[in-house]
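Data from data-v2.json: JSON, N, CA and C atoms
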[["chain", "number", "residue", "atom", "x", "y", "z"],
["A", 1, "SER", "N", -32.63, 6.97, 84.31],
["A", 1, "SER", "CA", -33.46, 7.64, 85.32],
["A", 1, "SER", "C", -32.81, 7.50, 86.70],
["A", 2, "PRO", "N", -33.09, 8.41, 87.61],
["A", 2, "PRO", "CA", -32.49, 8.36, 88.96],
["A", 2, "PRO", "C", -32.77, 7.03, 89.66],
["A", 3, "LYS", "N", -33.97, 6.48, 89.47],
["A", 3, "LYS", "CA", -34.30, 5.21, 90.13],
["A", 3, "LYS", "C", -33.34, 4.11, 89.70],
["A", 4, "VAL", "N", -33.05, 4.05, 88.40],
["A", 4, "VAL", "CA", -32.14, 3.01, 87.90],
["A", 4, "VAL", "C", -30.76, 3.19, 88.51],
["A", 5, "LEU", "N", -30.28, 4.44, 88.56],
["A", 5, "LEU", "CA", -28.95, 4.70, 89.12],
["A", 5, "LEU", "C", -28.93, 4.32, 90.60],
["A", 6, "GLY", "N", -30.00, 4.65, 91.33],
["A", 6, "GLY", "CA", -30.06, 4.31, 92.76],
["A", 6, "GLY", "C", -30.02, 2.82, 92.95],
["A", 7, "PHE", "N", -30.79, 2.09, 92.12],
["A", 7, "PHE", "CA", -30.82, 0.63, 92.24],
["A", 7, "PHE", "C", -29.45, 0.06, 91.92],
["A", 8, "ALA", "N", -28.79, 0.60, 90.91],
["A", 8, "ALA", "CA", -27.46, 0.11, 90.52],
["A", 8, "ALA", "C", -26.47, 0.32, 91.66],
["A", 9, "SER", "N", -26.53, 1.48, 92.30],
["A", 9, "SER", "CA", -25.59, 1.75, 93.40],
["A", 9, "SER", "C", -25.86, 0.80, 94.56],
["A", 10, "VAL", "N", -27.14, 0.56, 94.86],
["A", 10, "VAL", "CA", -27.49, -0.35, 95.96],
["A", 10, "VAL", "C", -26.99, -1.75, 95.63],
["A", 11, "ALA", "N", -27.22, -2.20, 94.39],
["A", 11, "ALA", "CA", -26.78, -3.54, 93.98],
["A", 11, "ALA", "C", -25.26, -3.64, 94.09],
["A", 12, "GLU", "N", -24.57, -2.56, 93.72],
["A", 12, "GLU", "CA", -23.10, -2.58, 93.79],
["A", 12, "GLU", "C", -22.63, -2.70, 95.24],
["A", 13, "ILE", "N", -23.28, -1.94, 96.13],
["A", 13, "ILE", "CA", -22.91, -2.00, 97.56],
["A", 13, "ILE", "C", -23.16, -3.40, 98.10],
["A", 14, "VAL", "N", -24.32, -3.98, 97.74],
["A", 14, "VAL", "CA", -24.66, -5.33, 98.22],
["A", 14, "VAL", "C", -23.64, -6.33, 97.68],
["A", 15, "GLY", "N", -23.25, -6.18, 96.42],
["A", 15, "GLY", "CA", -22.27, -7.10, 95.83],
["A", 15, "GLY", "C", -20.94, -7.01, 96.55],
["A", 16, "VAL", "N", -20.49, -5.79, 96.83],
["A", 16, "VAL", "CA", -19.21, -5.62, 97.54],
["A", 16, "VAL", "C", -19.30, -6.23, 98.93],
["A", 17, "ALA", "N", -20.44, -6.04, 99.60],
["A", 17, "ALA", "CA", -20.62, -6.59, 100.95],
["A", 17, "ALA", "C", -20.56, -8.11, 100.89],
["A", 18, "CYS", "N", -21.22, -8.69, 99.90],
["A", 18, "CYS", "CA", -21.22, -10.17, 99.78],
["A", 18, "CYS", "C", -19.79, -10.67, 99.55],
["A", 19, "VAL", "N", -19.03, -9.98, 98.71],
["A", 19, "VAL", "CA", -17.65, -10.39, 98.44],
["A", 19, "VAL", "C", -16.83, -10.29, 99.72],
["A", 20, "ALA", "N", -17.00, -9.21, 100.46],
["A", 20, "ALA", "CA", -16.24, -9.03, 101.70],
["A", 20, "ALA", "C", -16.56, -10.15, 102.69],
["A", 21, "ILE", "N", -17.84, -10.50, 102.80],
["A", 21, "ILE", "CA", -18.25, -11.57, 103.73],
["A", 21, "ILE", "C", -17.64, -12.89, 103.28],
["A", 22, "SER", "N", -17.71, -13.17, 101.99],
["A", 22, "SER", "CA", -17.17, -14.45, 101.49],
["A", 22, "SER", "C", -15.67, -14.51, 101.72],
["A", 23, "VAL", "N", -14.98, -13.37, 101.57],
["A", 23, "VAL", "CA", -13.52, -13.34, 101.79],
["A", 23, "VAL", "C", -13.23, -13.62, 103.27],
["A", 24, "ARG", "N", -14.03, -13.02, 104.16],
["A", 24, "ARG", "CA", -13.83, -13.25, 105.60],
["A", 24, "ARG", "C", -14.00, -14.72, 105.92],
["A", 25, "ILE", "N", -15.07, -15.32, 105.39],
["A", 25, "ILE", "CA", -15.33, -16.75, 105.64],
["A", 25, "ILE", "C", -14.16, -17.58, 105.09],
["A", 26, "GLY", "N", -13.68, -17.23, 103.91],
["A", 26, "GLY", "CA", -12.57, -17.97, 103.31],
["A", 26, "GLY", "C", -11.32, -17.87, 104.17],
["A", 27, "LEU", "N", -11.04, -16.68, 104.70],
["A", 27, "LEU", "CA", -9.85, -16.52, 105.54],
["A", 27, "LEU", "C", -10.00, -17.33, 106.81],
["A", 28, "ARG", "N", -11.21, -17.33, 107.39],
["A", 28, "ARG", "CA", -11.43, -18.11, 108.62],
["A", 28, "ARG", "C", -11.18, -19.59, 108.35],
["A", 29, "LYS", "N", -11.69, -20.08, 107.22],
["A", 29, "LYS", "CA", -11.50, -21.50, 106.89],
["A", 29, "LYS", "C", -10.02, -21.79, 106.65],
["A", 30, "ARG", "N", -9.31, -20.86, 106.03],
["A", 30, "ARG", "CA", -7.87, -21.07, 105.77],
["A", 30, "ARG", "C", -7.10, -21.14, 107.08],
["A", 31, "LEU", "N", -7.42, -20.24, 108.02],
["A", 31, "LEU", "CA", -6.71, -20.22, 109.30],
["A", 31, "LEU", "C", -6.94, -21.54, 110.02],
["A", 32, "ARG", "N", -8.15, -22.09, 109.92],
["A", 32, "ARG", "CA", -8.43, -23.37, 110.55],
["A", 32, "ARG", "C", -7.79, -24.46, 109.72]]
The structure in this file should be written as structure tokens.
Amino acid sequence: SPKVLGFASVAEIVGVACVAISVRIGLRKRLR
């Protein structure tokens, strides 16, 4: 159903955002 697809896309975007944030934090810690 469209609702399931919409939720899946939102979850995917949130997951990518979380990974990007964690990578940024990891790079900051590495530089320090």
Between CA of Gly26 in chain A and CA of Glu12 in chain A lies a distance of 20.9 Å
Please indicate the distance in Å from CA of Val14 in chain A to CA of Arg32 in chain A, rounded to one decimal place.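 Going from CA of Val14 in chain A over to CA of Arg32 in chain A covers 27.2 Å.
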Distance of CA of Val10 in chain A from CA of Lys29 in chain A, expressed in Å to one decimal place: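 Between CA of Lys29 in chain A and CA of Val10 in chain A the gap works out to 28.7 Å.
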